[in-house]
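Trainee: Following this message is one structure expressed as C-alpha cells.
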Number of protein chains: 4
Amino acid sequence: MSSDLFGPLFVPDDLRKAVSGRAWLQGMLDAERALAAATGTEGVAEFCDAALYDLDQIAREGRAAGNPVEPLVRALRERSGIAEAHRGATSQDILDTAAMLVARDARALVVGELDGAARACAGLADAHRGTVMAARTLLQQAVPTTFGLKAATWLAGLLHARRTLLGVELHAQLGGAGGTLALLGDRALDVLRAYANELGLAEPIVPWHTSRGPVRELAGALDLAAGAAAKIAVDVILLAQDEVGEVRVPPGGVSSTIPHKRNPVDAVRARACAQRAHALVAVFTGEHEHERAAGAWHAEWEPLGELLALTGGAVSAVRTLVETLEVDGDRMRENLRPQTTSEAGRVVAPEDYLGAADAFVDRALARFREDVG
Amino acid sequence: MSSDLFGPLFVPDDLRKAVSGRAWLQGMLDAERALAAATGTEGVAEFCDAALYDLDQIAREGRAAGNPVEPLVRALRERSGIAEAHRGATSQDILDTAAMLVARDARALVVGELDGAARACAGLADAHRGTVMAARTLLQQAVPTTFGLKAATWLAGLLHARRTLLGVELHAQLGGAGGTLALLGDRALDVLRAYANELGLAEPIVPWHTSRGPVRELAGALDLAAGAAAKIAVDVILLAQDEVGEVRVPPGGVSSTIPHKRNPVDAVRARACAQRAHALVAVFTGEHEHERAAGAWHAEWEPLGELLALTGGAVSAVRTLVETLEVDGDRMRENLRPQTTSEAGRVVAPEDYLGAADAFVDRALARFREDVG
Amino acid sequence: MSSDLFGPLFVPDDLRKAVSGRAWLQGMLDAERALAAATGTEGVAEFCDAALYDLDQIAREGRAAGNPVEPLVRALRERSGIAEAHRGATSQDILDTAAMLVARDARALVVGELDGAARACAGLADAHRGTVMAARTLLQQAVPTTFGLKAATWLAGLLHARRTLLGVELHAQLGGAGGTLALLGDRALDVLRAYANELGLAEPIVPWHTSRGPVRELAGALDLAAGAAAKIAVDVILLAQDEVGEVRVPPGGVSSTIPHKRNPVDAVRARACAQRAHALVAVFTGEHEHERAAGAWHAEWEPLGELLALTGGAVSAVRTLVETLEVDGDRMRENLRPQTTSEAGRVVAPEDYLGAADAFVDRALARFREDVG
Amino acid sequence: MSSDLFGPLFVPDDLRKAVSGRAWLQGMLDAERALAAATGTEGVAEFCDAALYDLDQIAREGRAAGNPVEPLVRALRERSGIAEAHRGATSQDILDTAAMLVARDARALVVGELDGAARACAGLADAHRGTVMAARTLLQQAVPTTFGLKAATWLAGLLHARRTLLGVELHAQLGGAGGTLALLGDRALDVLRAYANELGLAEPIVPWHTSRGPVRELAGALDLAAGAAAKIAVDVILLAQDEVGEVRVPPGGVSSTIPHKRNPVDAVRARACAQRAHALVAVFTGEHEHERAAGAWHAEWEPLGELLALTGGAVSAVRTLVETLEVDGDRMRENLRPQTTSEAGRVVAPEDYLGAADAFVDRALARFREDVG
C-alpha cells in the first residue's frame, strides 16, 4: 500500500516492474493466449495485451469474485467477442500460471543480481588471498584468517543459493474447474503439453491447484538467496564499525544530522529486505483444502511478488555493496590481537596460521567459474 | 508492488488510503510541524502539507540515504527557507512518529470494523439462543449446542482483540541523533511533552529508537484481531459446505465456470488477509542494535502498514460476512446426529442438553454492551 | 527430544521443572481436583498427585486418543474408584487449565528473572550517568550519549515487557463436551466460578476452547520479554568486541581452542533463546475450527512450555550478563570519534552534548521503582 | 521440556531416538572418531561410544562454555589419555557434523515414512480410478472428479517432497578455530576428505560455519514434507465430517465423553506436527556473523532435531491414516450435487465429466514407480 513510498527505496526498478500488477495482468493474458493457441481458439491472441485493459477496474471487480481472473475473462470475451476464450480453464489455472511467469521473469533478474554479487565476491576472494585478518567467533577475535577466505565463504553462500533457485521447476497450471481438464475432451493432455510449451514452463504431472510444494520450494529458494545476501551485509556492517574500520563503504549514505558518517546503507537495505523476505515465507505453508483452498491460495498472490522483489532487493544491494567496498588490509593486520596468533603459549606469525585458506579460495573460485563462468 | 491489482481485492479503500505512501508522507510532515510548534520555530507549519511534495522523487532520493526523511527535510527546508526546520530531531524521530500517526488512524478504522463485526455477532447470538445445532470437535459432531453460543464465542474473540488493540499505547518519538535530545538544551523535556501533545500521541519515558516493545505489542494486537476474524471465517466456510448447509452467503461470489455456486468469498478473503497478517508479525521481532538498528528498523516500515491494512481487511470481510449471513436453523436441527444427544446409552432431547448456553450468550452480550455500547 | 542435552544449556533448572511433563500432569490433576471440589465429588482429591501416575504410560496411551487426558482420567477413575471423576468436563478443559497453571507458575519465574535483570539495569543506569560514550546508529558512531542512558533504555524495554506479561489474564477452562456445561445442570455457572476460584485462575466469560486470543496474547507477551532481553544481549556483544572493548564479561566462557577469549556466552544464549521464542509464536496463530480444533489445539501444548522456558532462559541469561558486566568507562571515552562531538564544524565537549540523558535515566528509574520496587 | 509427556503422542519411537540427546552425543563422538582416523591419531576410537559418558553432566557443564562439545572433549581426553584428540577441530566442527549425522539418520526414517505414505496413496489412486466424487473449490462442490485423482494429487505432493528432501546434500564440517584448518598443516585438505568419507557425508567446498544455506535448505525440505502430509490430513478431516461421510477412520480415536465418535486422530496429529514444523523453519533464517554466530548457531541445535521429528511425526501419522482409510464410494456419489454435473444448463453424467482424471493417475503412479519402486 505504501510501496509507492518505500518500494523504490528497497527494490530495483526492473524488479518492481517485473512483479507489478501490470506484469501479473500480462501474465494472466499470456496464459489465456497460450490456452487459445493450445486449443486452436482463434481471435483471442490479439486481445491478450495488458495495455488494452483497465487494471484498476479489474482490481475492483475482482473483489466480488475473490480473484481478478473472473473480471478479466469477462473483459476479454467482451473485447474479443470470442465466448470460447478461457474455455477449459478455471480462474486458478490462469492466476497460477501468471504467478509462474512473473516468477520466471523476476527470478531471472534475481539470478542476474546473484551473478553480479558472486562476481564481486570472487574478485575480492582472488585479490585478498594474502590479506590477513582476524577470524571472529562469537564476535571475539579467534585466530588469523584471510579476507580472501571470508569473501570466498560469501561466494559459496551465493552460489549455493543460485543453484537452489535455478533448480526450482516452474510449472504451468491447467486443470479446469476440478482438476480433470474435463472440458478439453480427448485432447486434454495434448492441450496441456502445448500450453506449457507455448509458455516456456514445465509441464506438471498432475494439476497442482492444492499441491503447493513447488510454490513453497520457490519461496524457500528465494529465502535462501536473501539469507546469503544478509550474511554478507551483516559481516560488512560489523567490519565497517568505526572501531574496527577494516572496510569502508563509499561516501553517500547521507545522514541528516552527521555529515561525515559513512553509513553502510546498502548493507542496511539488504538486511531489511532479507528480514522481510524471511517473514513472508510463512505465508506459503498454509494448507490448501480439496481442489481449491479457501484462503491459503489467495494469501499467496501478493506475497509471492513481494518475496521475489525483496530477495532481489537484498541481493542487488549486496552486489553494489561488494562492488564498491573499500578494503583496508593494513587495518586488518593492525587489529589482529596477539592472542589470535598464539598457540600453546607460543606466538606464531599470522602467515604461518593460514592453513588451507588459499586452497579454499581456489575451490570457491572454481565453483564460481563452473556455475557463473 | 502488485498492490494496485491485489490491494482493492482485500483491503477497504479507506484503510488503503490510511496506510498509503501519501499518509506516511503527511505523517512525517505532521511530525515536523509538531516539532516546529514545540520548539517555537516559525515559518514551517504552512509547508507541512503532503500535497506540496513529489512523493515519487522523495521515494527515489530516499534510496541513497536509506530513508525518506532526509530528502523530505531537504525539500522542506528549501520550500520554507527555514534552515532550523527539523532541528533537534533525527530521521528516525520523524519516521517513527509518522508510523504511529498512521497506526492511530488505521487502528481507528480497524476498531470501527471490529465494532461492526461485533455488533453483527451480537445480533446473531441474541437471535439464535434457541437455534439448536451440533457442537463439533475435531470436525466430528459432539453434543448439541446453539448457534447463539457459537456467535457469542465469535463475539468474545472480537471483544478480546478489541480491548487488546485499544490498550496499545502509541508513543511519539523524539530523541535526536543519539537519543539525548542534545540540541534542544534545557527545554528538551518540555519540547518532548509539547510535541507529543501536539500530535495527540503518548509521551514515552525514554526514546524508543531501539526499544521496540511498543511496536511489537501493536503488531501482536493486530495479529490477534486478524485471528479473531479468521476464526469466524473458518467456521462459516465449514458451515456453508454443501453437505452441511447450515449457513449460506448471499449470491454474488461469482464463479467463472459454475454459476450456481455460492462461494463464501468474504470468508475466503478474511482468511487470506489473516494468514498474511500472521506472517508479517515475525518482521517485528528483529533485534535493534545500539541507538539505531542497521536493518531491523527499516524492515518495519512497509510491513506495519500492511499489517494494519490486512487486519482491517480481515475484520471488514468478516463484518460483511456476518452481517449478510443466512442461517438455516432447520438444517442445523436436521443435521444433528442421534449420538450427539445420547448419554450413557440414553437418548435425550437436544434442548435438555444446552446447559449454560444461554447464560454464556448473556455474558458475552453484556461484555459487548460494556465495550462497544 | 534432545532437551536432555540442550535444555540445561539454555534454561534454568526451576523453569525446566515448571514446564516439565510432570508439571503438566500435576496441572491436569489439579484441574480434576478443582472440578471435584466445585461439584462436590468426594474421593477424588487424594488421587490428584502426579507421583501416583506413570507419566510414560499416560504419554503412550495418549497417542490413540490424541491427548493425554483420556488415559489419565481412566487411571484416575480406576485408582479412586470414583466413576464421577471428571464428569462435566471434556479433555480440553483439563488440558487447557493445566496449560494455564503451568503458564502461571512459569510466568512467575520469568517475572522474577525480569525483576532481577531490571534491577541490574537500574543499577547500571544510576551508576553510569556520567559515563560518556558514543551513541551508534547503523553501527556507526553518531553523537555522544551516556552508558547510563543506554542502560535506562534497556530497563525501559524490560519494564514494558514485564507490564505486558503481567497484564495477561490466565483463565480457567470449563465447558464440557460442547462448551455448554450441559452435564452440570442448573449449577453450571456456580461450578465454573468455584472451579476457577479453587485454581486461582480468572473466570472466562465463555469457554475459550476455540477462541484462542488469550493464549495468543500470552505468547506475544513472552515474545516481547524475549525480545527485550535479546536487545540487551546484542548491545553487549557489540560492546564486548575486541576492537570496541567498552564492556567485558567475566572470564569463564571457555573456548576449546583459545583459552584467553572472553566469550559473551550469556549474551549468546540469550539471543539463541530469543530467536527460538520468536519462531514459536507462529504456532499460536492457527485457526481453531468449531468447538475443538483438529490440530491447531494439539500444536500448542509443547510449544507453550517451550516458549515459557526459552523466554525465561533469555531473560535469566541477560540478568546474569548485566549483573556481572564489567564496564570500561575510560575505553568508552577513548573510543569517541571527534566527529561525534562536532556540530556544524564546531567541536564541542561530549559533556555539553548529553542533553536530557540524565533526565531520561531518572524517568526510567522512577518507572522501575513504581513497577518493581 | 515436556517432551516426555507429549513426545510419544506425536513422534514415532525410532525418530525420537534418532534425534535424542544421546544420538547427538554419539554423533559428536563419531565426528571425533572420524577426525582421529583422518589424522592418524591412535587411541581415540575406542572411547567414542556415547555409553561411556554422562549425558547429564555434559549438558550441565556445557552451560558455561555455551556448547556441549567443550566438556565432551575434556572428558574424551581424560578417558583416552590422548591430548591430541580433537586437535585441528573446533567445537562447531564437531557439533555441526553431529547435526548432519543426526539429520541423515532421521531423514532416512522420514523417507521411509514418505515411502509408506506414498505407497498407500498409490494404492488408493489405482483402486479408485472409477470412484466418482465432487471436486470442491473453496469448500463448495464444483464439478465431478475421482477419488483416484485426489489420491494421485496427494501422491504427487509426497513424491515432490521426497525428491526435494533426498536432494539436500549433508556436508561434514571441518574448519578449525577460524575456518582455515590451520593446525592440520599441509595435509589439511586430505584430512578433510578422509574425515567426510569416514562419516559418509559430503565434502564441502569451504567450511560452512556461518554460510548456513545447506541447513536452511534442509529445514525447507522438511517443511515441504510436513506440508505434503498436512494437505492429506486436512482433506481427510473434511471428508470424514459426519455430514460428508465419504471416508472413515477406524474406530479407536477414543473420546472421553462420546464413545461413538470416530475422531480422525492420525490426521489431527499430522496437522499439529506440521504446524509446529512450519513455525520452526523461521529459526533457520538467522544471520550468522563472521566465523561463528553469536546466537544464531546455538538457536539451531534443538529445533533441527524437533523439525526432523515433527516432520516424521506428520508423515508417519498420514501414512497410518491413508493405510487404514475406509473409502465410501457410494456416499461420494450420493453427495454429488446436480449442479456439479450441469454445464450450460445441460445435465451430464458424472462419468462424462472426468476428462483426464485417469491419465493423471497414470502419470502419478509412473512417477511413484520411478522414485519409490
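Here, A, B, ... name the chains of the C-alpha cells in the order displayed, residue numbers run from 1 inside each chain, and ligands are numbered from 1 in the same displayed order.
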I'd like the neighbourhood of Gly185 of chain C as an MDAnalysis selection string, where a residue qualifies if any of its atoms comes within 10 Å (using only C-alpha atoms), though same-chain residues fewer than 5 positions away should be ignored.

Mentor: (chainID B and resid 352:356) or (chainID C and resid 88 180 191)

Trainee: Using only N, CA and C atoms, please write the residues we just selected to a file, as a compact mmCIF listing (two decimals), in the first residue's frame.

Mentor:
# COMPACT_ATOMS: atom_id res chain seq x y z
N ASP B 352 -32.60 -30.48 26.17
CA ASP B 352 -32.22 -30.81 27.54
C ASP B 352 -30.70 -30.81 27.71
N TYR B 353 -30.03 -30.49 26.66
CA TYR B 353 -28.59 -30.65 26.69
C TYR B 353 -27.87 -29.31 26.49
N LEU B 354 -28.56 -28.24 26.65
CA LEU B 354 -27.96 -26.96 26.30
C LEU B 354 -27.30 -26.26 27.47
N GLY B 355 -27.53 -26.76 28.67
CA GLY B 355 -26.81 -26.28 29.84
C GLY B 355 -26.79 -24.78 29.95
N ALA B 356 -25.58 -24.24 30.01
CA ALA B 356 -25.41 -22.82 30.26
C ALA B 356 -25.29 -22.02 28.96
N GLY C 88 -18.60 -33.82 33.66
CA GLY C 88 -18.92 -32.42 33.37
C GLY C 88 -17.84 -31.75 32.55
N THR C 180 -21.10 -26.10 26.55
CA THR C 180 -22.35 -25.64 27.17
C THR C 180 -22.46 -26.01 28.65
N VAL C 191 -20.50 -23.80 39.44
CA VAL C 191 -19.36 -24.71 39.37
C VAL C 191 -18.19 -24.04 38.66

Trainee: So that I can see what lies close to Ala229 of chain C, please list as JSON, numbers by chain the residues with an atom at most 10 Å from it, counting only C-alpha atoms and leaving out residues fewer than 5 positions away in the same chain.

Mentor: {"B": [287], "C": [114, 117, 154, 155, 157, 158, 161, 223, 224, 234, 267, 270, 271, 273, 274, 311, 312, 313, 314, 315, 316, 317, 318, 319]}

Trainee: Could you produce a table of the residues of chain A lying within 6 Å of chain B, with the nearest pair of atoms per residue and their separation in Å rounded to one decimal, using only C-alpha atoms, ordered by chain and increasing residue number, as a Markdown table?

Mentor:
| residue | atom | partner | partner_atom | distance |
| --- | --- | --- | --- | --- |
| A:Met1 | CA | B:Ser20 | CA | 5.2 |
| A:Ser2 | CA | B:Gly21 | CA | 4.1 |
| A:Asp4 | CA | B:Gly21 | CA | 5.8 |
| A:Leu5 | CA | B:Gly21 | CA | 4.8 |
| A:Pro8 | CA | B:Arg60 | CA | 5.6 |
| A:Leu9 | CA | B:Arg63 | CA | 4.3 |
| A:Ser20 | CA | B:Ser2 | CA | 4.4 |
| A:Gly21 | CA | B:Ser2 | CA | 4.1 |
| A:Ala59 | CA | B:Leu5 | CA | 4.9 |
| A:Arg60 | CA | B:Pro8 | CA | 5.6 |
| A:Gly62 | CA | B:Leu9 | CA | 6.0 |
| A:Arg63 | CA | B:Leu9 | CA | 4.3 |
| A:Ala64 | CA | B:Gly253 | CA | 5.6 |
| A:Ala65 | CA | B:Gly253 | CA | 4.9 |
| A:Gly66 | CA | B:Val265 | CA | 5.6 |
| A:Glu70 | CA | B:Ser256 | CA | 5.5 |
| A:Gly253 | CA | B:Ala65 | CA | 4.9 |
| A:Val254 | CA | B:Ala65 | CA | 4.9 |
| A:Ser256 | CA | B:Glu70 | CA | 5.5 |
| A:Val265 | CA | B:Gly66 | CA | 5.6 |
| A:Val268 | CA | B:Gly295 | CA | 4.6 |
| A:Arg271 | CA | B:Gly295 | CA | 5.1 |
| A:Ala272 | CA | B:Ala299 | CA | 4.3 |
| A:Arg276 | CA | B:Val283 | CA | 5.9 |
| A:Ala279 | CA | B:Ala282 | CA | 5.5 |
| A:Leu280 | CA | B:Ala279 | CA | 5.9 |
| A:Ala282 | CA | B:Ala279 | CA | 5.5 |
| A:Val283 | CA | B:Ala279 | CA | 5.9 |
| A:Ala294 | CA | B:Val268 | CA | 5.1 |
| A:Gly295 | CA | B:Ala272 | CA | 4.5 |
| A:Ala296 | CA | B:Ala272 | CA | 5.8 |
| A:His298 | CA | B:Ala272 | CA | 5.6 |
| A:Ala299 | CA | B:Ala272 | CA | 4.3 |

Trainee: Please produce a file of those selected residues containing N, CA, C and O atoms, as a tab-separated table (two decimals), in the first residue's frame.

Mentor:
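result24.tsv, written as the output of this step:
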chain	number	residue	atom	x	y	z
A	1	MET	N	0.84	-1.20	0.00
A	1	MET	CA	0.00	0.00	0.00
A	1	MET	C	0.88	1.25	0.00
A	1	MET	O	0.60	2.22	-0.64
A	2	SER	N	1.95	1.17	0.80
A	2	SER	CA	2.87	2.29	0.83
A	2	SER	C	4.09	1.98	-0.03
A	2	SER	O	5.15	2.54	0.17
A	4	ASP	N	4.52	2.81	-2.94
A	4	ASP	CA	4.94	3.96	-3.75
A	4	ASP	C	6.03	4.76	-3.03
A	4	ASP	O	6.91	5.33	-3.65
A	5	LEU	N	5.98	4.77	-1.70
A	5	LEU	CA	7.00	5.49	-0.94
A	5	LEU	C	8.22	4.62	-0.65
A	5	LEU	O	9.36	5.07	-0.76
A	8	PRO	N	10.70	2.02	-4.02
A	8	PRO	CA	11.93	2.44	-4.71
A	8	PRO	C	13.15	2.45	-3.79
A	8	PRO	O	14.28	2.39	-4.24
A	9	LEU	N	12.87	2.55	-2.49
A	9	LEU	CA	13.96	2.57	-1.52
A	9	LEU	C	14.65	1.21	-1.44
A	9	LEU	O	15.85	1.13	-1.17
A	20	SER	N	4.93	-6.17	-10.82
A	20	SER	CA	3.85	-5.17	-10.70
A	20	SER	C	2.50	-5.79	-11.05
A	20	SER	O	2.42	-6.86	-11.67
A	21	GLY	N	1.46	-5.09	-10.68
A	21	GLY	CA	0.12	-5.51	-11.06
A	21	GLY	C	0.00	-5.70	-12.56
A	21	GLY	O	-0.64	-6.64	-13.04
A	59	ALA	N	-9.18	-4.81	-10.79
A	59	ALA	CA	-8.88	-4.98	-9.37
A	59	ALA	C	-10.15	-4.83	-8.54
A	59	ALA	O	-10.43	-5.64	-7.65
A	60	ARG	N	-10.92	-3.83	-8.83
A	60	ARG	CA	-12.13	-3.57	-8.03
A	60	ARG	C	-13.20	-4.63	-8.27
A	60	ARG	O	-13.88	-5.07	-7.34
A	62	GLY	N	-12.66	-7.57	-9.11
A	62	GLY	CA	-12.18	-8.85	-8.59
A	62	GLY	C	-12.60	-9.09	-7.15
A	62	GLY	O	-12.59	-10.24	-6.68
A	63	ARG	N	-12.96	-8.02	-6.47
A	63	ARG	CA	-13.33	-8.14	-5.05
A	63	ARG	C	-14.52	-9.09	-4.86
A	63	ARG	O	-14.50	-9.96	-3.99
A	64	ALA	N	-15.52	-8.94	-5.69
A	64	ALA	CA	-16.72	-9.78	-5.54
A	64	ALA	C	-16.43	-11.24	-5.87
A	64	ALA	O	-16.93	-12.16	-5.21
A	65	ALA	N	-15.63	-11.44	-6.89
A	65	ALA	CA	-15.34	-12.82	-7.30
A	65	ALA	C	-14.30	-13.46	-6.41
A	65	ALA	O	-14.18	-14.68	-6.34
A	66	GLY	N	-13.55	-12.63	-5.73
A	66	GLY	CA	-12.47	-13.17	-4.91
A	66	GLY	C	-11.20	-13.41	-5.69
A	66	GLY	O	-10.25	-13.96	-5.16
A	70	GLU	N	-11.80	-13.53	-12.98
A	70	GLU	CA	-13.19	-13.51	-13.44
A	70	GLU	C	-13.48	-12.22	-14.21
A	70	GLU	O	-13.94	-12.28	-15.37
A	253	GLY	N	26.00	7.65	1.80
A	253	GLY	CA	24.89	7.34	2.69
A	253	GLY	C	24.69	8.54	3.59
A	253	GLY	O	25.25	8.62	4.67
A	254	VAL	N	23.92	9.50	3.10
A	254	VAL	CA	23.85	10.81	3.75
A	254	VAL	C	23.09	10.70	5.06
A	254	VAL	O	22.00	10.13	5.12
A	256	SER	N	21.16	12.88	8.01
A	256	SER	CA	20.56	14.21	8.07
A	256	SER	C	21.22	15.08	9.13
A	256	SER	O	21.10	16.28	9.12
A	265	VAL	N	24.63	1.97	3.93
A	265	VAL	CA	23.21	1.97	3.57
A	265	VAL	C	22.83	0.75	2.73
A	265	VAL	O	21.77	0.17	2.93
A	268	VAL	N	22.45	-2.11	5.01
A	268	VAL	CA	21.25	-1.94	5.83
A	268	VAL	C	20.01	-2.31	5.02
A	268	VAL	O	19.13	-3.03	5.49
A	271	ARG	N	19.77	-6.12	4.61
A	271	ARG	CA	19.26	-6.83	5.79
A	271	ARG	C	17.76	-6.61	5.95
A	271	ARG	O	17.03	-7.53	6.33
A	272	ALA	N	17.31	-5.39	5.72
A	272	ALA	CA	15.88	-5.11	5.86
A	272	ALA	C	15.08	-5.95	4.88
A	272	ALA	O	14.06	-6.56	5.23
A	276	ARG	N	12.39	-9.08	5.86
A	276	ARG	CA	11.01	-9.13	5.36
A	276	ARG	C	10.78	-10.39	4.52
A	276	ARG	O	9.72	-11.03	4.62
A	279	ALA	N	10.19	-13.44	6.70
A	279	ALA	CA	8.86	-13.50	7.30
A	279	ALA	C	7.82	-13.97	6.30
A	279	ALA	O	6.90	-14.72	6.65
A	280	LEU	N	7.95	-13.54	5.06
A	280	LEU	CA	6.93	-13.86	4.07
A	280	LEU	C	6.85	-15.36	3.76
A	280	LEU	O	5.82	-15.86	3.31
A	282	ALA	N	6.52	-17.77	5.56
A	282	ALA	CA	5.50	-18.47	6.35
A	282	ALA	C	4.14	-18.46	5.65
A	282	ALA	O	3.30	-19.33	5.90
A	283	VAL	N	3.90	-17.49	4.78
A	283	VAL	CA	2.63	-17.45	4.05
A	283	VAL	C	2.43	-18.72	3.23
A	283	VAL	O	1.31	-19.18	3.03
A	294	ALA	N	-9.61	-22.39	0.41
A	294	ALA	CA	-10.47	-21.28	0.78
A	294	ALA	C	-9.69	-20.24	1.59
A	294	ALA	O	-9.96	-19.99	2.75
A	295	GLY	N	-8.71	-19.65	0.95
A	295	GLY	CA	-7.93	-18.61	1.61
A	295	GLY	C	-6.43	-18.76	1.45
A	295	GLY	O	-5.72	-17.81	1.15
A	296	ALA	N	-5.95	-19.97	1.62
A	296	ALA	CA	-4.49	-20.17	1.55
A	296	ALA	C	-3.95	-19.87	0.16
A	296	ALA	O	-2.79	-19.45	0.02
A	298	HIS	N	-5.33	-17.59	-1.99
A	298	HIS	CA	-5.44	-16.14	-2.14
A	298	HIS	C	-4.34	-15.41	-1.35
A	298	HIS	O	-3.93	-14.32	-1.72
A	299	ALA	N	-3.93	-16.03	-0.28
A	299	ALA	CA	-2.88	-15.40	0.54
A	299	ALA	C	-1.54	-15.36	-0.17
A	299	ALA	O	-0.67	-14.56	0.17

Trainee: Report as a ChimeraX atom specification: the residues of segment 117-196 of chain D with a DSSP assignment of strand (DSSP E or B), based on the backbone of this structure.

Mentor: /D:132-137,140-146,171

Trainee: Keeping only N, CA and C atoms, write those residues as an mmCIF file, in the first residue's frame.

Mentor:
data_model
loop_
_atom_site.group_PDB
_atom_site.id
_atom_site.type_symbol
_atom_site.label_atom_id
_atom_site.label_comp_id
_atom_site.auth_asym_id
_atom_site.auth_seq_id
_atom_site.Cartn_x
_atom_site.Cartn_y
_atom_site.Cartn_z
ATOM 1 N N VAL D 132 -16.291 -41.946 -8.422
ATOM 2 C CA VAL D 132 -16.645 -40.560 -8.735
ATOM 3 C C VAL D 132 -16.986 -39.800 -7.462
ATOM 4 N N MET D 133 -16.550 -38.578 -7.380
ATOM 5 C CA MET D 133 -16.860 -37.735 -6.223
ATOM 6 C C MET D 133 -16.857 -36.277 -6.679
ATOM 7 N N ALA D 134 -17.282 -35.408 -5.801
ATOM 8 C CA ALA D 134 -17.278 -33.983 -6.125
ATOM 9 C C ALA D 134 -15.900 -33.390 -5.920
ATOM 10 N N ALA D 135 -15.411 -32.672 -6.905
ATOM 11 C CA ALA D 135 -14.295 -31.772 -6.641
ATOM 12 C C ALA D 135 -14.868 -30.596 -5.871
ATOM 13 N N ARG D 136 -14.094 -30.093 -4.949
ATOM 14 C CA ARG D 136 -14.597 -28.995 -4.126
ATOM 15 C C ARG D 136 -13.620 -27.827 -4.161
ATOM 16 N N THR D 137 -14.148 -26.684 -4.523
ATOM 17 C CA THR D 137 -13.319 -25.486 -4.563
ATOM 18 C C THR D 137 -13.916 -24.480 -3.598
ATOM 19 N N GLN D 140 -16.782 -25.636 -1.638
ATOM 20 C CA GLN D 140 -18.088 -25.804 -2.271
ATOM 21 C C GLN D 140 -17.935 -26.805 -3.408
ATOM 22 N N GLN D 141 -18.969 -27.609 -3.617
ATOM 23 C CA GLN D 141 -18.896 -28.572 -4.710
ATOM 24 C C GLN D 141 -18.755 -27.850 -6.053
ATOM 25 N N ALA D 142 -17.833 -28.348 -6.855
ATOM 26 C CA ALA D 142 -17.604 -27.758 -8.171
ATOM 27 C C ALA D 142 -18.096 -28.741 -9.239
ATOM 28 N N VAL D 143 -17.211 -29.521 -9.794
ATOM 29 C CA VAL D 143 -17.563 -30.486 -10.836
ATOM 30 C C VAL D 143 -17.116 -31.865 -10.366
ATOM 31 N N PRO D 144 -17.472 -32.920 -11.053
ATOM 32 C CA PRO D 144 -17.036 -34.245 -10.609
ATOM 33 C C PRO D 144 -15.547 -34.462 -10.834
ATOM 34 N N THR D 145 -15.007 -35.271 -9.987
ATOM 35 C CA THR D 145 -13.649 -35.773 -10.169
ATOM 36 C C THR D 145 -13.678 -37.213 -9.679
ATOM 37 N N THR D 146 -12.505 -37.813 -9.497
ATOM 38 C CA THR D 146 -12.485 -39.157 -8.899
ATOM 39 C C THR D 146 -11.645 -39.118 -7.626
ATOM 40 N N HIS D 171 26.635 -32.126 4.498
ATOM 41 C CA HIS D 171 28.084 -31.969 4.464
ATOM 42 C C HIS D 171 28.714 -32.159 5.837
#

Trainee: Could you pull out the alpha helix (DSSP H) residues of segment 9-191 of chain C from DSSP and send them as a PyMOL selection string?

Mentor: chain C and resi 9-10+13-18+21-39+55-65+69-80+91-127+147-166+188-191

Trainee: Figure out the distance between atom CA of Ile94 of chain B and atom CA of Cys48 of chain B, please, to one decimal in Å.

Mentor: 12.6 Å

Trainee: If you count only C-alpha atoms, which residues fall within 12 Å of Ala366 of chain C, apart from same-chain ones fewer than 4 positions away, as a list of chain:residue names?

Mentor: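 So, after excluding close chain neighbours, the residues are B:Ile205, B:Val206, C:Ala122, C:Ala125, C:Asp126, C:Ala152, C:Leu155, C:Ala156, C:Leu159, C:Ala359, C:Phe360, C:Val361, C:Asp362, C:Glu370, C:Asp371, C:Val372, C:Gly373.
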
Trainee: If you measure from atom CA of Arg129 of chain C to atom CA of Val322 of chain C, what distance in Å do you get, rounded to one decimal?

Mentor: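 Distance reported for this atom pair: 16.3 Å.
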
Trainee: What does the structure give for the distance between atom CA of Leu181 of chain D and atom CA of Arg79 of chain D, in Å to one decimal?

Mentor: 25.6 Å

Trainee: List the spatial neighbours of Glu198 of chain C as a tab-separated table (two decimals) with N, CA and C atoms, in the first residue's frame - criterion: any atom at most 10 Å away, only C-alpha atoms, same-chain residues fewer than 2 positions off excluded.

Mentor:
chain	number	residue	atom	x	y	z
C	30	ASP	N	-4.58	-31.16	39.13
C	30	ASP	CA	-5.11	-30.02	39.89
C	30	ASP	C	-6.46	-29.59	39.32
C	31	ALA	N	-6.56	-29.62	38.00
C	31	ALA	CA	-7.84	-29.27	37.38
C	31	ALA	C	-8.92	-30.28	37.79
C	33	ARG	N	-8.99	-32.09	40.47
C	33	ARG	CA	-9.27	-31.87	41.89
C	33	ARG	C	-10.19	-30.67	42.08
C	34	ALA	N	-9.90	-29.60	41.35
C	34	ALA	CA	-10.73	-28.41	41.47
C	34	ALA	C	-12.15	-28.68	40.98
C	35	LEU	N	-12.25	-29.48	39.93
C	35	LEU	CA	-13.58	-29.83	39.41
C	35	LEU	C	-14.35	-30.65	40.46
C	37	ALA	N	-13.90	-30.60	43.63
C	37	ALA	CA	-14.26	-29.70	44.73
C	37	ALA	C	-15.46	-28.85	44.34
C	38	ALA	N	-15.44	-28.34	43.13
C	38	ALA	CA	-16.51	-27.43	42.70
C	38	ALA	C	-17.84	-28.16	42.54
C	172	ALA	N	-9.24	-20.08	33.66
C	172	ALA	CA	-9.61	-21.48	33.75
C	172	ALA	C	-10.43	-21.85	32.53
C	192	LEU	N	-18.50	-23.38	37.57
C	192	LEU	CA	-17.43	-22.69	36.82
C	192	LEU	C	-16.68	-21.71	37.72
C	193	ARG	N	-17.46	-20.92	38.45
C	193	ARG	CA	-16.84	-19.92	39.34
C	193	ARG	C	-16.00	-20.60	40.44
C	194	ALA	N	-16.58	-21.60	41.05
C	194	ALA	CA	-15.86	-22.29	42.12
C	194	ALA	C	-14.58	-22.94	41.59
C	195	TYR	N	-14.69	-23.51	40.43
C	195	TYR	CA	-13.54	-24.18	39.78
C	195	TYR	C	-12.41	-23.18	39.55
C	196	ALA	N	-12.78	-22.03	38.99
C	196	ALA	CA	-11.76	-21.01	38.73
C	196	ALA	C	-11.16	-20.51	40.04
C	200	GLY	N	-7.35	-20.49	41.40
C	200	GLY	CA	-6.68	-19.19	41.38
C	200	GLY	C	-6.50	-18.66	39.97
C	201	LEU	N	-7.37	-19.06	39.07
C	201	LEU	CA	-7.32	-18.55	37.70
C	201	LEU	C	-8.55	-17.66	37.46
